[in-house]
Amino acid sequence: MKRKTRRLWLVVACVAGLGTAAGLTLNAFSSNIVFFMTPSQVAAHPPAPDHTVRLGGMVVAGSVRRELHGETPVNRFDVTDGQAAVTVRYEGILPDLFREGQSVVAVGTAAAGGGFTASEVLAKHDETYMPKEVAEALQKSGKWDPKFGPPPDASSWSSMTARDGRTARGGS
Amino acid sequence: MSPELGRFALALACALALAQAVLPLSGAQRRDARLMAVAPGLAIGQLIALAYSFLCLIYAAVTDDFSVSNIAENSAVSKPLLYKITGVWGNHEGSVLLWALILGICGAAVAAFGRNLPTALRARVIGILGGVAAGFELFCLTTSDPFDRIWPAPMDGQGMNPLLQDPGLAFHPPILYTGYVGFAVPFAFAVAALIEGRVDAAWGRWVRPWAVAAWCFLTCGIALGSWWSYYVLGWGGYWFWDPVENASLIPWLSGTALMHSAIVVEKREALKIWTVLLAIGTFSFSLSGTFLVRSGILNSVHAFANDPARGVFILGLLALVIGGSLTLFAWRAPSLTAGGLFSPVSREGMLVLNNILLCSLCAVVLTGTMYPPFMSLLFGKTISVGKPFFDAATVPLALPLFAVMGIAPMMPWKRARMWPVLRRLQAAAIAMLVALAVSLWGLKGVLPVLASAFAVWVIASSVTDIATRIALFREPFSRSLGRLRGLSRSAVGTAIAHAGVGVTVLGLAGMSQAQHRIVEIAVGQTEHLAGYDWTLTDVRTRPGPNYTALAARIEIRRKGRIVAVMHPEKRSFNAQNQTTTEVSIHTNLLSDLYGVIGDQHGDAAHRTYVLRLHYNPLAPWMWLGALVMALGGFLSLSDRRIRIAAPRRIPVGTAHVDAG
């Protein structure tokens with residue numbers, strides 16, 4: 001083979017490899033991207049039941065309930081952004097850092113009869129830190145502006161949001 | 001006093017590094033032998049200054065000097081001595097200093113082991129390492145000073161996150177950083193080659209050991225990190241596909257490609273420009289991985305906004321190192337002569353295929369990692385991609401890679417025919433078909449079945465490769481044994497490392513079949529999972545040194561016989577108002593039984609406990625395989641040819657190396 005033919009081979013192989021990679025990436029993107037949604041967004045436009053989303057907000061104080069289905073523990077709690085609340089159903093152990101009145105991210109799908117079924121609950125934070133998405137959503141909803149200092153104390157948050165959350169739930 | 005001495009030593013190291021960058025490089029340019037000769041001395045001097053500085057920080061940590069703000073924020077009197085020492089690199093400032101120290105060690109290593117190198121090349125390599133070191137030491141001094149004092153000094157420090165107080169995590173950063181920083185040496189060789197305008201077989205032979213060494217450490221570091229998250233975080237998984245983990249996987253993939261393409265440079269003087277680009281790219285990925293992703297700058301715009309000086313400095317430094325080297329590449333690469341010819345079906349052809357597949361994988365992981373932050377930065381959309389994305393996009397690329405891995409080591413150089421190679425791999429192919437049949441029967445899912453079949457193929461063909469080389473069963477056994485002794489260690493190392501990949505992939509395939517149950521039961525109740533009976537026999541509270549633990553006792557029986565007794569705990573640290581999970585793992589090397597205790601519920605009469613029970617088949621193989629890979633790498637590093645041989649440069653024009 002001549003040098004040119006060989007170089008052609010190389011180019012073809014490279015293009016094929018990168019093309020496959022690009023195709024796989026785009027294909028995987030189209031079905032596997034997980035969008036972040038706030039409770040008010042989920043309440044207004046529930047995502048398709050087969051579409052995984054990340055739901056983030058504050059856990060409404062006093063909303064955490066626990067049931068046993070056989071031997072499987074089922075947790076239910078309300079997540080709010082101060083405008084609407086969504087009830088999350090989660091089978092399993094809530095993370096060590098899960099607290100009422102603090103921020104949380106639930107990964108899962110919208111349930112058929114309203115509400116949200118989480119396959120994973122993330123609470124990777126302490127009292128002063130909140131997940132970036134939750135902080136941004138709270139800022140958008142006007143509940144917290146970083147210009148006026150750190151996010152309000154967790155206890156005041158929960159009483160404020162619990163009321164808002166309850167009215168929103170009553171309305172839906 | 002000693003923190004000030006430490007800071008002075010750091011400043012001294014920075015000055016030495018600057019001299020190390022300027023003097024040898026200008027000396028090499030002007031062919032001034034005296035200027036070039038100062039390079040090794042400066043590199044070793046810089047290392048001594050850095051080591052002294054690092055020791056000062058460790059001394060401050062061990063003696064609880066809380067007037068140093070870094071110690072006050074991250075240490076406490078009550079912390080065990082081991083974690084006082086390892087806590088030094090558990091925070092941003094200390095880890096930057098560790099990073100610089102390892103870079104200093106790399107520079108000194110080139111000075112010590114590079115005596116065979118041509119003077120000018122050695123001076124340039126050490127000079128470039130010095131330039132990179134100077135930049136990062138300046139970054140450390142100006143924006144992340146680990147020796148910063150606070151006044152008044154607190155009586156006690158704020159302590160360390162109990163989650164991080166773990167031996168696995170204590171030694172994870174030094175090993176991982178050695179891997180990251182080790183790729184600075186191939187990078188320096190690449191830039192030096194661009195300045196000289198010359199890449200040849202000898203260059204390939206000099207670069208490869210450094211790339212292999214860095215790769216070994218990176219492999220161990222990634223495996224250690226994954227193992228830590230498996231047994232400490234207690235969520236039952238081993239890889240989260242989060243940006244921090246991907247930041248280590250990306251340079252690993254491109255570094256693996258580099259290690260292989262350097263072989264082609266060494267043996268056949270082909271792929272030269274590509275190898276130089278890979279060396280630059282791998283170190284660039286390491287750099288951006290450590291400083292953009294690990295420090296969280298890219299993940300959150302807030303981290304940037306909190307500390308603009310740090311962010312701007314690091315972005316400027318990265319732009320200088322990466323942009324500068326790529327510009328140099330664009331300018332000088334065309335002057336490098338094109339390499340030897342080879343047909344697509346040949347060892348070179350297979351190594352090219354390896355590079356294409358590895359780089360495609362690298363591009364996929366890079367896209368998956370960078371897309372979400374860019375989307376949020378540019379369009380304000382918050383999205384994330386996780387395991388489903390990476391599984392769907394990487395596994396189809398990895399499978400052909402495994403197929404090639406089995407064939408390539410047996411393929412002759414330059415020009416080959418497929419059929420004789422495949423005929424020698426008959427046994428491996430049969431093993432693969434058997435594995436396919438077994439896994440079709442035993443495993444769920446298409447990808448795990450294919451992955452385990454290919455894993456067996458890789459292991460079997462590595463064994464076949466060695467068996468063919470020593471003429472096993474074709475000659476008397478004693479003579480085969482003699483041949484094995486005479487076999488080059490790099491060939492054995494290759495086979496072992498490839499088999500290690502197979503072991504890891506088998507582990508991954510096994511883990512895809514993991515089962516778990518989450519139950520809430522009272523003491524005395526029994527659960528069934530994966531053929532085992534798990535009985536919660538006792539739960540009690542146990543006081544620890546600075547926590548109280550809820551300790552469970554779980555008996556695991558199989559067909560009535562006790563297999564294991566587990567003691568998972570949930571620890572509450574009162575000082576930090578934090579709880580951690582102590583997983584209990586019982587392993588028999590074929591599977592892990594994994595138990596976690598969660599909350600307790602109910603009153604004293606009807607108390608129930610939430611338990612999470614996992615059955616993880618072949619889980620230990622994932623990390624064992626990584627260890628085997630690193631072992632293969634270290635074995636090939638001990639090859640005689642690398643240790644002793646001082647490859648001579650053939651004068652330009654007559655450069656032609658026969659196939660080895």
# chains A, B, ... in the order shown; residues from 1 in each chain; ligands from 1

$ residues_around --residues "range 16-31 of chain A" --least-positions-apart "3" --cutoff "7 Å" --atoms "only C-alpha atoms" --output "VMD selection string"
(chain A and resid 12 to 13) or (chain B and resid 356 to 357 360 364 389 392 to 393)

$ write_last_selection --atoms "N, CA and C atoms" --output "PDB file, in the first residue's frame"
ATOM      1  N   VAL A  12      -9.937   7.222   8.073  1.00  0.00           N
ATOM      2  CA  VAL A  12     -11.236   6.550   8.114  1.00  0.00           C
ATOM      3  C   VAL A  12     -11.473   5.944   9.496  1.00  0.00           C
ATOM      4  N   ALA A  13     -10.425   5.303  10.043  1.00  0.00           N
ATOM      5  CA  ALA A  13     -10.580   4.678  11.362  1.00  0.00           C
ATOM      6  C   ALA A  13     -10.879   5.730  12.425  1.00  0.00           C
TER       7      ALA A  13
ATOM      8  N   ILE B 356      -7.579   5.059  19.172  1.00  0.00           N
ATOM      9  CA  ILE B 356      -8.840   5.666  18.720  1.00  0.00           C
ATOM     10  C   ILE B 356      -9.945   5.362  19.715  1.00  0.00           C
ATOM     11  N   LEU B 357     -10.014   4.087  20.143  1.00  0.00           N
ATOM     12  CA  LEU B 357     -11.096   3.710  21.051  1.00  0.00           C
ATOM     13  C   LEU B 357     -10.935   4.386  22.411  1.00  0.00           C
ATOM     14  N   SER B 360     -11.792   8.007  22.095  1.00  0.00           N
ATOM     15  CA  SER B 360     -13.237   8.199  21.965  1.00  0.00           C
ATOM     16  C   SER B 360     -13.903   8.070  23.328  1.00  0.00           C
ATOM     17  N   VAL B 364     -16.017  10.869  25.339  1.00  0.00           N
ATOM     18  CA  VAL B 364     -17.378  10.667  25.840  1.00  0.00           C
ATOM     19  C   VAL B 364     -17.466  11.055  27.311  1.00  0.00           C
ATOM     20  N   PHE B 389     -26.476   7.418  31.477  1.00  0.00           N
ATOM     21  CA  PHE B 389     -25.801   8.026  30.328  1.00  0.00           C
ATOM     22  C   PHE B 389     -24.456   7.361  30.084  1.00  0.00           C
ATOM     23  N   ALA B 392     -24.621   3.771  28.819  1.00  0.00           N
ATOM     24  CA  ALA B 392     -25.072   3.640  27.433  1.00  0.00           C
ATOM     25  C   ALA B 392     -24.015   4.125  26.458  1.00  0.00           C
ATOM     26  N   ALA B 393     -23.196   5.108  26.862  1.00  0.00           N
ATOM     27  CA  ALA B 393     -22.265   5.703  25.907  1.00  0.00           C
ATOM     28  C   ALA B 393     -20.877   5.072  25.955  1.00  0.00           C
TER      29      ALA B 393
END

$ closest_atom_pairs --of "chain B" --to "chain A" --cutoff "9 Å" --atoms "only C-alpha atoms" --output "tab-separated table"
residue	atom	partner	partner_atom	distance
B:Asn299	CA	A:Lys132	CA	8.9
B:Ser300	CA	A:Lys132	CA	7.0
B:His302	CA	A:Lys132	CA	8.5
B:Leu341	CA	A:Arg3	CA	7.0
B:Phe342	CA	A:Arg6	CA	7.5
B:Ser343	CA	A:Arg6	CA	6.8
B:Pro344	CA	A:Trp9	CA	7.2
B:Gly349	CA	A:Leu10	CA	8.7
B:Val352	CA	A:Leu10	CA	8.1
B:Leu353	CA	A:Ala13	CA	7.5
B:Ile356	CA	A:Gly17	CA	6.0
B:Leu357	CA	A:Gly17	CA	6.3
B:Cys359	CA	A:Leu18	CA	8.3
B:Ser360	CA	A:Leu18	CA	5.5
B:Leu361	CA	A:Ala21	CA	7.1
B:Ala363	CA	A:Ala21	CA	7.7
B:Val364	CA	A:Thr25	CA	6.3
B:Thr367	CA	A:Thr25	CA	8.0
B:Gly368	CA	A:Thr25	CA	7.9
B:Lys381	CA	A:Phe35	CA	8.1
B:Thr382	CA	A:Phe36	CA	5.5
B:Ile383	CA	A:Phe35	CA	4.3
B:Ser384	CA	A:Val34	CA	5.1
B:Val385	CA	A:Ile33	CA	5.1
B:Gly386	CA	A:Asn32	CA	7.6
B:Lys387	CA	A:Asn32	CA	8.8
B:Pro388	CA	A:Asn32	CA	6.1
B:Phe389	CA	A:Ala28	CA	5.2
B:Phe390	CA	A:Ala28	CA	7.7
B:Asp391	CA	A:Ala28	CA	8.7
B:Ala392	CA	A:Ala28	CA	5.9
B:Ala393	CA	A:Leu24	CA	5.0
B:Thr394	CA	A:Leu24	CA	8.0
B:Pro396	CA	A:Leu24	CA	8.1
B:Leu397	CA	A:Ala21	CA	7.3
B:Arg517	CA	A:Thr72	CA	8.4
B:Ile518	CA	A:Gly92	CA	5.7
B:Val519	CA	A:Thr72	CA	4.8
B:Glu520	CA	A:Glu71	CA	5.3
B:Ile521	CA	A:Glu71	CA	6.5
B:Gln578	CA	A:Leu97	CA	7.4
B:Thr579	CA	A:Asp96	CA	5.9
B:Thr580	CA	A:Asp96	CA	6.9
B:Thr581	CA	A:Asp96	CA	7.9
B:Ile597	CA	A:Ile93	CA	8.9
B:Gly598	CA	A:Ile93	CA	6.2
B:Asp599	CA	A:Ile93	CA	7.6
B:Val610	CA	A:Ile93	CA	7.0
B:Leu611	CA	A:Ile93	CA	8.0
B:Arg612	CA	A:Ile93	CA	7.6

$ write_last_selection --atoms "N, CA and C atoms" --output "compact mmCIF listing (two decimals), in the first residue's frame"
# COMPACT_ATOMS: atom_id res chain seq x y z
N ASN B 299 -17.86 23.56 39.19
CA ASN B 299 -19.17 23.05 39.57
C ASN B 299 -20.07 24.13 40.08
N SER B 300 -19.49 25.11 40.71
CA SER B 300 -20.36 26.11 41.27
C SER B 300 -19.74 27.47 41.02
N HIS B 302 -20.50 29.89 42.50
CA HIS B 302 -20.35 30.58 43.79
C HIS B 302 -18.93 30.45 44.31
N LEU B 341 6.08 3.40 7.85
CA LEU B 341 4.85 2.90 7.25
C LEU B 341 4.43 1.61 7.94
N PHE B 342 3.13 1.40 7.98
CA PHE B 342 2.66 0.09 8.46
C PHE B 342 1.29 -0.17 7.87
N SER B 343 0.96 -1.44 7.79
CA SER B 343 -0.34 -1.79 7.23
C SER B 343 -1.36 -1.80 8.37
N PRO B 344 -2.65 -1.64 8.03
CA PRO B 344 -3.66 -1.60 9.08
C PRO B 344 -3.67 -2.87 9.93
N GLY B 349 -1.09 -1.12 13.76
CA GLY B 349 -2.49 -0.87 13.41
C GLY B 349 -3.40 -1.11 14.60
N VAL B 352 -3.05 1.63 17.05
CA VAL B 352 -3.80 2.81 16.59
C VAL B 352 -5.27 2.66 16.95
N LEU B 353 -5.77 1.44 16.74
CA LEU B 353 -7.17 1.18 17.07
C LEU B 353 -7.39 1.39 18.57
N ILE B 356 -7.58 5.06 19.17
CA ILE B 356 -8.84 5.67 18.72
C ILE B 356 -9.95 5.36 19.71
N LEU B 357 -10.01 4.09 20.14
CA LEU B 357 -11.10 3.71 21.05
C LEU B 357 -10.93 4.39 22.41
N CYS B 359 -9.36 7.15 23.10
CA CYS B 359 -9.61 8.59 23.03
C CYS B 359 -11.09 8.88 22.82
N SER B 360 -11.79 8.01 22.10
CA SER B 360 -13.24 8.20 21.97
C SER B 360 -13.90 8.07 23.33
N LEU B 361 -13.47 7.05 24.10
CA LEU B 361 -14.01 6.88 25.44
C LEU B 361 -13.76 8.12 26.28
N ALA B 363 -13.26 11.12 25.21
CA ALA B 363 -14.10 12.23 24.75
C ALA B 363 -15.51 12.09 25.29
N VAL B 364 -16.02 10.87 25.34
CA VAL B 364 -17.38 10.67 25.84
C VAL B 364 -17.47 11.05 27.31
N THR B 367 -17.23 14.80 27.63
CA THR B 367 -18.48 15.47 27.27
C THR B 367 -19.51 15.33 28.38
N GLY B 368 -19.65 14.10 28.88
CA GLY B 368 -20.64 13.88 29.94
C GLY B 368 -20.34 14.69 31.18
N LYS B 381 -29.50 26.41 32.51
CA LYS B 381 -30.31 25.20 32.70
C LYS B 381 -29.59 24.26 33.65
N THR B 382 -30.31 23.76 34.62
CA THR B 382 -29.66 22.82 35.53
C THR B 382 -29.99 21.41 35.11
N ILE B 383 -28.98 20.69 34.63
CA ILE B 383 -29.22 19.31 34.24
C ILE B 383 -28.12 18.48 34.85
N SER B 384 -28.32 17.20 34.85
CA SER B 384 -27.23 16.33 35.27
C SER B 384 -27.31 15.05 34.46
N VAL B 385 -26.16 14.43 34.29
CA VAL B 385 -26.13 13.12 33.64
C VAL B 385 -25.53 12.15 34.63
N GLY B 386 -25.99 10.95 34.60
CA GLY B 386 -25.51 9.99 35.59
C GLY B 386 -25.18 8.66 34.97
N LYS B 387 -25.28 7.64 35.80
CA LYS B 387 -24.89 6.30 35.40
C LYS B 387 -25.56 5.83 34.09
N PRO B 388 -26.87 6.04 33.92
CA PRO B 388 -27.48 5.55 32.66
C PRO B 388 -26.80 6.13 31.43
N PHE B 389 -26.48 7.42 31.48
CA PHE B 389 -25.80 8.03 30.33
C PHE B 389 -24.46 7.36 30.08
N PHE B 390 -23.64 7.28 31.14
CA PHE B 390 -22.29 6.78 30.94
C PHE B 390 -22.29 5.30 30.56
N ASP B 391 -23.21 4.53 31.13
CA ASP B 391 -23.31 3.13 30.74
C ASP B 391 -23.63 3.00 29.27
N ALA B 392 -24.62 3.77 28.82
CA ALA B 392 -25.07 3.64 27.43
C ALA B 392 -24.01 4.13 26.46
N ALA B 393 -23.20 5.11 26.86
CA ALA B 393 -22.27 5.70 25.91
C ALA B 393 -20.88 5.07 25.96
N THR B 394 -20.47 4.52 27.10
CA THR B 394 -19.09 4.01 27.18
C THR B 394 -18.98 2.52 26.90
N PRO B 396 -20.49 0.37 24.83
CA PRO B 396 -20.33 -0.05 23.43
C PRO B 396 -18.95 0.27 22.85
N LEU B 397 -18.26 1.28 23.39
CA LEU B 397 -16.92 1.59 22.92
C LEU B 397 -15.88 0.70 23.61
N ARG B 517 -31.91 -5.33 49.54
CA ARG B 517 -33.24 -5.19 50.13
C ARG B 517 -33.15 -4.18 51.25
N ILE B 518 -34.19 -3.39 51.36
CA ILE B 518 -34.29 -2.46 52.48
C ILE B 518 -35.47 -2.93 53.31
N VAL B 519 -35.22 -3.22 54.56
CA VAL B 519 -36.29 -3.78 55.39
C VAL B 519 -36.32 -3.06 56.73
N GLU B 520 -37.48 -3.13 57.35
CA GLU B 520 -37.58 -2.60 58.71
C GLU B 520 -38.07 -3.75 59.57
N ILE B 521 -37.20 -4.25 60.44
CA ILE B 521 -37.55 -5.44 61.21
C ILE B 521 -37.18 -5.25 62.67
N GLN B 578 -23.29 15.18 63.62
CA GLN B 578 -23.22 14.44 62.37
C GLN B 578 -23.31 12.95 62.66
N THR B 579 -23.88 12.23 61.72
CA THR B 579 -23.89 10.78 61.89
C THR B 579 -23.14 10.15 60.72
N THR B 580 -22.47 9.05 60.98
CA THR B 580 -21.82 8.32 59.90
C THR B 580 -22.27 6.87 59.98
N THR B 581 -22.14 6.20 58.85
CA THR B 581 -22.56 4.82 58.74
C THR B 581 -21.33 3.93 58.70
N ILE B 597 -26.99 -0.46 58.95
CA ILE B 597 -28.13 -0.20 59.82
C ILE B 597 -28.52 1.26 59.71
N GLY B 598 -29.83 1.52 59.62
CA GLY B 598 -30.33 2.88 59.51
C GLY B 598 -30.97 3.31 60.83
N ASP B 599 -32.10 3.97 60.72
CA ASP B 599 -32.74 4.53 61.92
C ASP B 599 -33.47 3.46 62.71
N VAL B 610 -34.33 -0.12 60.66
CA VAL B 610 -34.23 -0.18 59.21
C VAL B 610 -32.86 -0.76 58.86
N LEU B 611 -32.85 -1.79 58.04
CA LEU B 611 -31.60 -2.40 57.60
C LEU B 611 -31.52 -2.37 56.09
N ARG B 612 -30.33 -2.17 55.58
CA ARG B 612 -30.15 -2.33 54.14
C ARG B 612 -29.14 -3.44 53.94

$ closest_residue --among "B:Met350, B:Ala28, B:Met629, B:Leu164" --to "Pro118 in chain B" --atoms "only C-alpha atoms"
B:Ala28

$ residues_around --residues "Thr537 in chain B" --least-positions-apart "6" --cutoff "6 Å" --atoms "only C-alpha atoms" --output "MDAnalysis selection string"
chainID B and resid 523:524 553:554

$ write_last_selection --atoms "N, CA and C atoms" --output "PDB file, in the first residue's frame"
ATOM      1  N   VAL B 523     -35.733  -7.040  66.376  1.00  0.00           N
ATOM      2  CA  VAL B 523     -34.701  -8.007  66.740  1.00  0.00           C
ATOM      3  C   VAL B 523     -35.304  -9.407  66.730  1.00  0.00           C
ATOM      4  N   GLY B 524     -34.599 -10.369  66.146  1.00  0.00           N
ATOM      5  CA  GLY B 524     -35.080 -11.741  66.094  1.00  0.00           C
ATOM      6  C   GLY B 524     -35.658 -12.119  64.755  1.00  0.00           C
ATOM      7  N   ARG B 553     -26.161  -6.568  65.412  1.00  0.00           N
ATOM      8  CA  ARG B 553     -25.477  -7.840  65.193  1.00  0.00           C
ATOM      9  C   ARG B 553     -26.371  -8.649  64.267  1.00  0.00           C
ATOM     10  N   ILE B 554     -25.836  -8.989  63.115  1.00  0.00           N
ATOM     11  CA  ILE B 554     -26.614  -9.731  62.126  1.00  0.00           C
ATOM     12  C   ILE B 554     -25.921 -11.060  61.867  1.00  0.00           C
TER      13      ILE B 554
END

$ residues_around --residues "Gly234 in chain B" --least-positions-apart "6" --cutoff "9 Å" --atoms "only C-alpha atoms" --output "mmCIF file with C-alpha atoms, in the first residue's frame"
data_model
loop_
_atom_site.group_PDB
_atom_site.id
_atom_site.type_symbol
_atom_site.label_atom_id
_atom_site.label_comp_id
_atom_site.auth_asym_id
_atom_site.auth_seq_id
_atom_site.Cartn_x
_atom_site.Cartn_y
_atom_site.Cartn_z
ATOM 1 C CA THR B 581 -22.555 4.815 58.742
ATOM 2 C CA GLU B 582 -20.172 1.995 59.519
ATOM 3 C CA VAL B 583 -20.795 -0.652 56.911
ATOM 4 C CA SER B 584 -20.114 -4.246 57.758
ATOM 5 C CA TYR B 594 -22.830 -5.921 52.879
ATOM 6 C CA GLY B 595 -24.964 -4.725 55.795
ATOM 7 C CA VAL B 596 -25.996 -1.240 56.871
#

$ atom_distance --atom1 "CA of Met155 in chain B" --atom2 "CA of Leu141 in chain B"
26.2 Å

$ residues_around --residues "Phe171 in chain B" --least-positions-apart "3" --cutoff "9 Å" --atoms "only C-alpha atoms" --output "list in words"
Thr86, Pro167, Gly168, Pro174, Ile175, Leu176, Gly221 and Leu224 of chain B
